[in-house]
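What follows is one structure encoded as structure tokens, with my remarks underneath.
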Amino acid sequence: MRVPLRALALTAAAGAGAGAYACVVERNWFTLRRYEIPVLPAGAAPLRVLHLSDVHLTPGRHRLLSWIRSLHTLDPDLVVNTGDSIAHTQAVQPFLEALGPLLERPGIFVFGSNDLYSPIPKNPLGYLYETPDQARRRHIPDMPWAELGEGMAAAGWLDANNRRGRVKAGELDIAVGGVHDSHIDKDRYEEIAGPADPTADLRLGVLHSPEPRVMDRFAGDGYDLLLAGHTHGGQVNLPGYGALVTNCGIDRRRARGLHRHPAQGDPDRSWLHVSGGLGTSPWAPFRFACRPEASVLTLIPRIG
């Protein structure tokens, strides 16, 4: 059956329009998401947490930098950065300068793979996949990850890459456990394994990629809240269907937002927040039905 030229032209025009929207409009249409999470002891004052992830900063992202600079007006008690902050060797200083007054707040960070390894050119249609040949090119870090980490640590933020630590935020004593990026097998949970401190007001687990095998261990050790990124919320979503892929072991329905982990089971199991992130790979500069985001998590006392 012959397809009318008019139909082909309309289809091509619609595809071009959707592509332009995804690359030009939605990629720069930042949004702030807000959640309340009942994880604190009875009588505790609410704690405001700003969760940032997957900025993937490259030179020239002026709208993105300006939006990040504005976030200090949210007056967070704690800032958590779950990695993939940079995607260019010249992005460290612009990223730290954009954080600005946020670096004066208590903070926690872990790295993602793009903080260590420069983005690899690939077919944009395969933006969430990596071939074995590409993986073999990623043995030696070629990004200024140490400079990035030193900048955040010098401001007093806790480096939680395969480490435990303690953070005082608001009126709360927070026990933190974190791992390096499990997507590139940098996680070493055995180095932080063991029950989270029951005397802390909050037990917080921080990781870049929300791999169930790692989150199971956090949940088993009694962490109240897990914060992750990596998925970009799917980056391309279909209305009525959601994320096409997650690029990790987590299911599509939990590609971003607030959930529980495990997905089913004990009603008192850990809370999980997966950030859809603020950026994209420079080799796949588009988002569709998945706006770039940061999140404010207001932690409140447990119900009952």
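Please note that chains go A, B, ... in the order of the structure tokens, that every chain numbers its residues from 1, and that ligands are numbered from 1 in the order shown.
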Discussion item. Residues within 9 Å of Ser281 in chain A, please, as a PyMOL selection string. Count only C-alpha atoms; anything in the same chain fewer than 6 positions from it doesn't count.
Written reply: chain A and resi 56-57+87+114+119+127
Could you take the residues named above and write them with N, CA, C and O atoms, as a PDB file, in the first residue's frame?
```pdb
ATOM      1  N   HIS A  56      25.367  16.849  34.954  1.00  0.00           N
ATOM      2  CA  HIS A  56      26.091  16.616  33.691  1.00  0.00           C
ATOM      3  C   HIS A  56      26.520  17.947  33.060  1.00  0.00           C
ATOM      4  O   HIS A  56      26.288  18.199  31.875  1.00  0.00           O
ATOM      5  N   LEU A  57      27.150  18.787  33.851  1.00  0.00           N
ATOM      6  CA  LEU A  57      27.427  20.148  33.401  1.00  0.00           C
ATOM      7  C   LEU A  57      28.493  20.195  32.313  1.00  0.00           C
ATOM      8  O   LEU A  57      29.543  19.553  32.395  1.00  0.00           O
ATOM      9  N   ALA A  87      30.277  16.867  33.082  1.00  0.00           N
ATOM     10  CA  ALA A  87      30.435  16.098  31.845  1.00  0.00           C
ATOM     11  C   ALA A  87      31.484  16.750  30.954  1.00  0.00           C
ATOM     12  O   ALA A  87      31.486  16.543  29.736  1.00  0.00           O
ATOM     13  N   ASN A 114      30.085   9.613  35.364  1.00  0.00           N
ATOM     14  CA  ASN A 114      30.473  10.740  34.524  1.00  0.00           C
ATOM     15  C   ASN A 114      31.327  11.768  35.249  1.00  0.00           C
ATOM     16  O   ASN A 114      31.880  12.658  34.607  1.00  0.00           O
ATOM     17  N   PRO A 119      32.201  11.684  28.709  1.00  0.00           N
ATOM     18  CA  PRO A 119      31.137  11.071  27.913  1.00  0.00           C
ATOM     19  C   PRO A 119      31.679  10.519  26.601  1.00  0.00           C
ATOM     20  O   PRO A 119      32.575  11.106  25.983  1.00  0.00           O
ATOM     21  N   TYR A 127      21.184   5.986  23.925  1.00  0.00           N
ATOM     22  CA  TYR A 127      21.818   6.824  24.946  1.00  0.00           C
ATOM     23  C   TYR A 127      21.907   6.172  26.305  1.00  0.00           C
ATOM     24  O   TYR A 127      22.704   6.589  27.141  1.00  0.00           O
TER      25      TYR A 127
END
```
Discussion item. Which residues are close to Ile303 in chain A, i.e. within 9 Å by only C-alpha atoms, leaving aside same-chain residues fewer than 5 positions away? Reply as a PyMOL selection string.
Written reply: chain A and resi 38-39+42
Practice prompt. As a PyMOL selection string, please: all residues of range 66-292 of chain A that backbone DSSP puts in strand (DSSP E).
Written response: chain A and resi 78-81+107-109+158-159+163-169+172-178+202-206+225-228+237-238+242-243+257-261+270-274
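Taking only C-alpha atoms into account, Pro94 in chain A lies nearest to A:Ile68 out of the set A:Ile108, A:Ala44, A:Ile68, A:Leu50.
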Discussion item. Quick check for you: according to DSSP on this backbone, which residues of range 105-267 of chain A are classed as helix (DSSP H, G or I)? Reply as a ChimeraX atom specification.
Written reply: /A:113-116,124-126,132-136,145-154,182-184,189-191,212-220,232-234,252-254
Discussion item. Applying 10 Å and only C-alpha atoms, which residues near Ser70 in chain A remain after dropping the ones on its own chain fewer than 2 positions away? List them as a VMD selection string.
Written reply: chain A and resid 65 to 68 72 to 74 98 to 102
Worksheet item: How far is it from CA of Asp181 in chain A to CA of Val110 in chain A, in Å with one decimal?
Response: 7.8 Å
Which residues of range 184-278 of chain A come within 9 Å of range 170-177 of chain A, and what is each one's closest atom pair and distance in Å (one decimal), counting only C-alpha atoms, sorted by chain and residue number, as a tab-separated table?
```
residue	atom	partner	partner_atom	distance
A:Ile192	CA	A:Gly177	CA	6.6
A:Ala193	CA	A:Gly177	CA	8.8
A:Ala196	CA	A:Ala175	CA	7.1
A:Asp197	CA	A:Ala175	CA	6.5
A:Pro198	CA	A:Ala175	CA	8.9
A:Thr199	CA	A:Asp173	CA	8.9
A:Ala200	CA	A:Asp173	CA	5.6
A:Asp201	CA	A:Asp173	CA	5.4
A:Leu202	CA	A:Ile174	CA	4.9
A:Arg203	CA	A:Ala175	CA	4.8
A:Leu204	CA	A:Val176	CA	4.9
A:Gly205	CA	A:Gly177	CA	5.0
A:Val206	CA	A:Gly177	CA	6.3
A:Leu207	CA	A:Gly177	CA	8.8
A:Phe218	CA	A:Gly177	CA	8.2
A:Tyr223	CA	A:Gly177	CA	8.4
```
Those same residues, written as an mmCIF file, in the first residue's frame with N, CA and C atoms?
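As a result, selection39.cif now contains:
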```cif
data_model
loop_
_atom_site.group_PDB
_atom_site.id
_atom_site.type_symbol
_atom_site.label_atom_id
_atom_site.label_comp_id
_atom_site.auth_asym_id
_atom_site.auth_seq_id
_atom_site.Cartn_x
_atom_site.Cartn_y
_atom_site.Cartn_z
ATOM 1 N N ILE A 192 31.045 -0.479 54.495
ATOM 2 C CA ILE A 192 30.145 0.259 55.391
ATOM 3 C C ILE A 192 29.102 -0.659 56.020
ATOM 4 N N ALA A 193 29.204 -1.950 55.759
ATOM 5 C CA ALA A 193 28.164 -2.894 56.174
ATOM 6 C C ALA A 193 28.011 -2.937 57.689
ATOM 7 N N ALA A 196 22.837 0.268 60.840
ATOM 8 C CA ALA A 196 22.936 1.721 60.994
ATOM 9 C C ALA A 196 22.689 2.086 62.454
ATOM 10 N N ASP A 197 23.328 3.136 62.916
ATOM 11 C CA ASP A 197 23.292 3.521 64.330
ATOM 12 C C ASP A 197 21.863 3.783 64.797
ATOM 13 N N PRO A 198 21.343 2.987 65.707
ATOM 14 C CA PRO A 198 19.958 3.178 66.165
ATOM 15 C C PRO A 198 19.782 4.412 67.039
ATOM 16 N N THR A 199 20.897 5.005 67.510
ATOM 17 C CA THR A 199 20.773 6.184 68.369
ATOM 18 C C THR A 199 20.649 7.476 67.565
ATOM 19 N N ALA A 200 20.909 7.427 66.258
ATOM 20 C CA ALA A 200 20.799 8.628 65.420
ATOM 21 C C ALA A 200 19.334 9.000 65.224
ATOM 22 N N ASP A 201 19.085 10.279 64.943
ATOM 23 C CA ASP A 201 17.719 10.723 64.670
ATOM 24 C C ASP A 201 17.237 10.264 63.301
ATOM 25 N N LEU A 202 18.194 10.067 62.382
ATOM 26 C CA LEU A 202 17.871 9.647 61.011
ATOM 27 C C LEU A 202 19.044 8.846 60.486
ATOM 28 N N ARG A 203 18.732 7.767 59.747
ATOM 29 C CA ARG A 203 19.743 6.934 59.100
ATOM 30 C C ARG A 203 19.548 7.086 57.592
ATOM 31 N N LEU A 204 20.534 7.707 56.926
ATOM 32 C CA LEU A 204 20.404 8.110 55.531
ATOM 33 C C LEU A 204 21.401 7.350 54.670
ATOM 34 N N GLY A 205 20.886 6.671 53.629
ATOM 35 C CA GLY A 205 21.734 5.971 52.671
ATOM 36 C C GLY A 205 21.820 6.758 51.372
ATOM 37 N N VAL A 206 23.038 6.916 50.849
ATOM 38 C CA VAL A 206 23.255 7.751 49.657
ATOM 39 C C VAL A 206 23.994 6.930 48.604
ATOM 40 N N LEU A 207 23.481 6.928 47.379
ATOM 41 C CA LEU A 207 24.080 6.176 46.286
ATOM 42 C C LEU A 207 23.711 6.831 44.964
ATOM 43 N N PHE A 218 21.235 -1.736 52.158
ATOM 44 C CA PHE A 218 20.909 -0.554 52.963
ATOM 45 C C PHE A 218 19.650 -0.815 53.792
ATOM 46 N N TYR A 223 18.530 1.497 57.276
ATOM 47 C CA TYR A 223 18.514 2.896 56.844
ATOM 48 C C TYR A 223 17.068 3.334 56.575
#
```
Discussion item. Just the number, please: distance in Å from CA of Leu258 in chain A to CA of His273 in chain A, one decimal.
Written reply: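 A separation of 4.5 Å between them.
Considering only C-alpha atoms, the residue among A:Cys248, A:Val214, A:Leu96, A:Cys290 positioned nearest to Glu190 in chain A is A:Val214.
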Worksheet, complete the sentence: Using only C-alpha atoms, the residue out of A:Pro292, A:Gly43, A:Gly149, A:Pro141 with shortest distance to Ser118 in chain A is A:Pro141
Worksheet, complete the sentence: Closest of A:Pro267, A:Gly220, A:Pro106, A:Pro212 to Lys168 in chain A, counting only C-alpha atoms, is A:Pro106
Worksheet item: Using only C-alpha atoms, which of the listed residues (A:Met215, A:Ala146, A:Ile120, A:Leu64) sits closest to Val179 in chain A?
Response: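 For Val179 in chain A, the nearest of the candidates is A:Met215.
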Discussion item. Quick one: residues within 12 Å of Asp251 in chain A, only C-alpha atoms, excluding same-chain residues fewer than 6 positions away - as a list of chain:residue names?
Written reply: A:Pro210, A:Glu211, A:Pro212, A:Thr231, A:Gly233, A:Gly234, A:Gly242, A:Ala243, A:Leu244, A:Val245, A:His259, A:His261, A:Pro262, A:Ala263, A:Val274
Those residues with all heavy atoms, as an mmCIF file, in the first residue's frame please?
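Below you can see part_39.cif, which holds the result:
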```cif
data_model
loop_
_atom_site.group_PDB
_atom_site.id
_atom_site.type_symbol
_atom_site.label_atom_id
_atom_site.label_comp_id
_atom_site.auth_asym_id
_atom_site.auth_seq_id
_atom_site.Cartn_x
_atom_site.Cartn_y
_atom_site.Cartn_z
ATOM 1 N N PRO A 210 20.444 3.441 41.624
ATOM 2 C CA PRO A 210 19.573 2.688 42.532
ATOM 3 C C PRO A 210 19.482 1.211 42.155
ATOM 4 O O PRO A 210 18.451 0.715 41.697
ATOM 5 C CB PRO A 210 18.219 3.395 42.373
ATOM 6 C CG PRO A 210 18.231 3.912 40.967
ATOM 7 C CD PRO A 210 19.675 4.288 40.688
ATOM 8 N N GLU A 211 20.580 0.504 42.348
ATOM 9 C CA GLU A 211 20.608 -0.926 42.067
ATOM 10 C C GLU A 211 19.961 -1.686 43.226
ATOM 11 O O GLU A 211 20.367 -1.515 44.384
ATOM 12 C CB GLU A 211 22.047 -1.408 41.875
ATOM 13 C CG GLU A 211 22.742 -0.855 40.652
ATOM 14 C CD GLU A 211 22.163 -1.392 39.347
ATOM 15 O OE1 GLU A 211 21.358 -2.351 39.381
ATOM 16 O OE2 GLU A 211 22.534 -0.847 38.291
ATOM 17 N N PRO A 212 18.971 -2.520 42.950
ATOM 18 C CA PRO A 212 18.293 -3.248 44.036
ATOM 19 C C PRO A 212 19.239 -4.053 44.918
ATOM 20 O O PRO A 212 19.038 -4.105 46.135
ATOM 21 C CB PRO A 212 17.320 -4.163 43.276
ATOM 22 C CG PRO A 212 16.993 -3.386 42.032
ATOM 23 C CD PRO A 212 18.288 -2.717 41.648
ATOM 24 N N THR A 231 19.045 7.574 36.855
ATOM 25 C CA THR A 231 18.079 7.127 35.850
ATOM 26 C C THR A 231 17.637 8.222 34.888
ATOM 27 O O THR A 231 17.086 7.922 33.834
ATOM 28 C CB THR A 231 16.809 6.589 36.526
ATOM 29 O OG1 THR A 231 16.165 7.673 37.223
ATOM 30 C CG2 THR A 231 17.124 5.469 37.513
ATOM 31 N N GLY A 233 15.150 9.743 35.320
ATOM 32 C CA GLY A 233 13.701 9.541 35.258
ATOM 33 C C GLY A 233 13.262 8.804 34.013
ATOM 34 O O GLY A 233 12.079 8.771 33.683
ATOM 35 N N GLY A 234 14.213 8.184 33.320
ATOM 36 C CA GLY A 234 13.946 7.558 32.037
ATOM 37 C C GLY A 234 14.396 8.434 30.878
ATOM 38 O O GLY A 234 14.656 7.949 29.793
ATOM 39 N N GLY A 242 5.106 5.836 30.767
ATOM 40 C CA GLY A 242 6.201 6.206 31.648
ATOM 41 C C GLY A 242 7.555 5.975 31.011
ATOM 42 O O GLY A 242 7.700 5.977 29.784
ATOM 43 N N ALA A 243 8.546 5.742 31.853
ATOM 44 C CA ALA A 243 9.923 5.587 31.390
ATOM 45 C C ALA A 243 10.057 4.364 30.502
ATOM 46 O O ALA A 243 9.499 3.299 30.783
ATOM 47 C CB ALA A 243 10.864 5.474 32.579
ATOM 48 N N LEU A 244 10.828 4.527 29.421
ATOM 49 C CA LEU A 244 11.099 3.385 28.554
ATOM 50 C C LEU A 244 12.114 2.451 29.190
ATOM 51 O O LEU A 244 11.984 1.227 29.106
ATOM 52 C CB LEU A 244 11.616 3.870 27.188
ATOM 53 C CG LEU A 244 10.671 4.750 26.373
ATOM 54 C CD1 LEU A 244 11.339 5.184 25.074
ATOM 55 C CD2 LEU A 244 9.373 4.007 26.066
ATOM 56 N N VAL A 245 13.148 3.027 29.804
ATOM 57 C CA VAL A 245 14.213 2.251 30.436
ATOM 58 C C VAL A 245 14.699 3.018 31.664
ATOM 59 O O VAL A 245 14.398 4.196 31.837
ATOM 60 C CB VAL A 245 15.399 2.019 29.469
ATOM 61 C CG1 VAL A 245 15.014 1.093 28.342
ATOM 62 C CG2 VAL A 245 15.903 3.340 28.907
ATOM 63 N N HIS A 259 9.245 6.431 46.680
ATOM 64 C CA HIS A 259 8.742 5.058 46.722
ATOM 65 C C HIS A 259 9.226 4.404 48.014
ATOM 66 O O HIS A 259 9.807 5.057 48.875
ATOM 67 C CB HIS A 259 9.247 4.266 45.506
ATOM 68 C CG HIS A 259 9.004 4.950 44.203
ATOM 69 N ND1 HIS A 259 7.806 4.884 43.537
ATOM 70 C CD2 HIS A 259 9.815 5.746 43.448
ATOM 71 C CE1 HIS A 259 7.875 5.589 42.420
ATOM 72 N NE2 HIS A 259 9.072 6.127 42.353
ATOM 73 N N HIS A 261 11.422 0.830 49.427
ATOM 74 C CA HIS A 261 12.281 -0.275 49.013
ATOM 75 C C HIS A 261 12.423 -1.261 50.162
ATOM 76 O O HIS A 261 12.762 -0.851 51.278
ATOM 77 C CB HIS A 261 13.670 0.198 48.591
ATOM 78 C CG HIS A 261 14.460 -0.944 48.025
ATOM 79 N ND1 HIS A 261 14.291 -1.376 46.739
ATOM 80 C CD2 HIS A 261 15.351 -1.801 48.596
ATOM 81 C CE1 HIS A 261 15.063 -2.413 46.511
ATOM 82 N NE2 HIS A 261 15.721 -2.688 47.637
ATOM 83 N N PRO A 262 12.196 -2.549 49.868
ATOM 84 C CA PRO A 262 11.700 -3.123 48.620
ATOM 85 C C PRO A 262 10.317 -2.575 48.249
ATOM 86 O O PRO A 262 9.615 -2.019 49.101
ATOM 87 C CB PRO A 262 11.658 -4.620 48.901
ATOM 88 C CG PRO A 262 12.544 -4.828 50.088
ATOM 89 C CD PRO A 262 12.452 -3.578 50.890
ATOM 90 N N ALA A 263 9.949 -2.784 46.984
ATOM 91 C CA ALA A 263 8.685 -2.227 46.504
ATOM 92 C C ALA A 263 7.493 -2.804 47.263
ATOM 93 O O ALA A 263 6.486 -2.125 47.461
ATOM 94 C CB ALA A 263 8.532 -2.485 45.004
ATOM 95 N N VAL A 274 14.284 8.699 44.179
ATOM 96 C CA VAL A 274 15.138 8.688 42.996
ATOM 97 C C VAL A 274 14.926 10.007 42.255
ATOM 98 O O VAL A 274 13.815 10.317 41.821
ATOM 99 C CB VAL A 274 14.807 7.504 42.069
ATOM 100 C CG1 VAL A 274 15.727 7.525 40.848
ATOM 101 C CG2 VAL A 274 14.938 6.185 42.807
#
```
Discussion item. Which residue is closest to Asp54 in chain A? Choose from A:Thr246, A:Ser209, A:Gln90, A:Asn237 and count only C-alpha atoms.
Written reply: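 Once distances to Asp54 in chain A are computed over only C-alpha atoms, the minimum belongs to A:Ser209.
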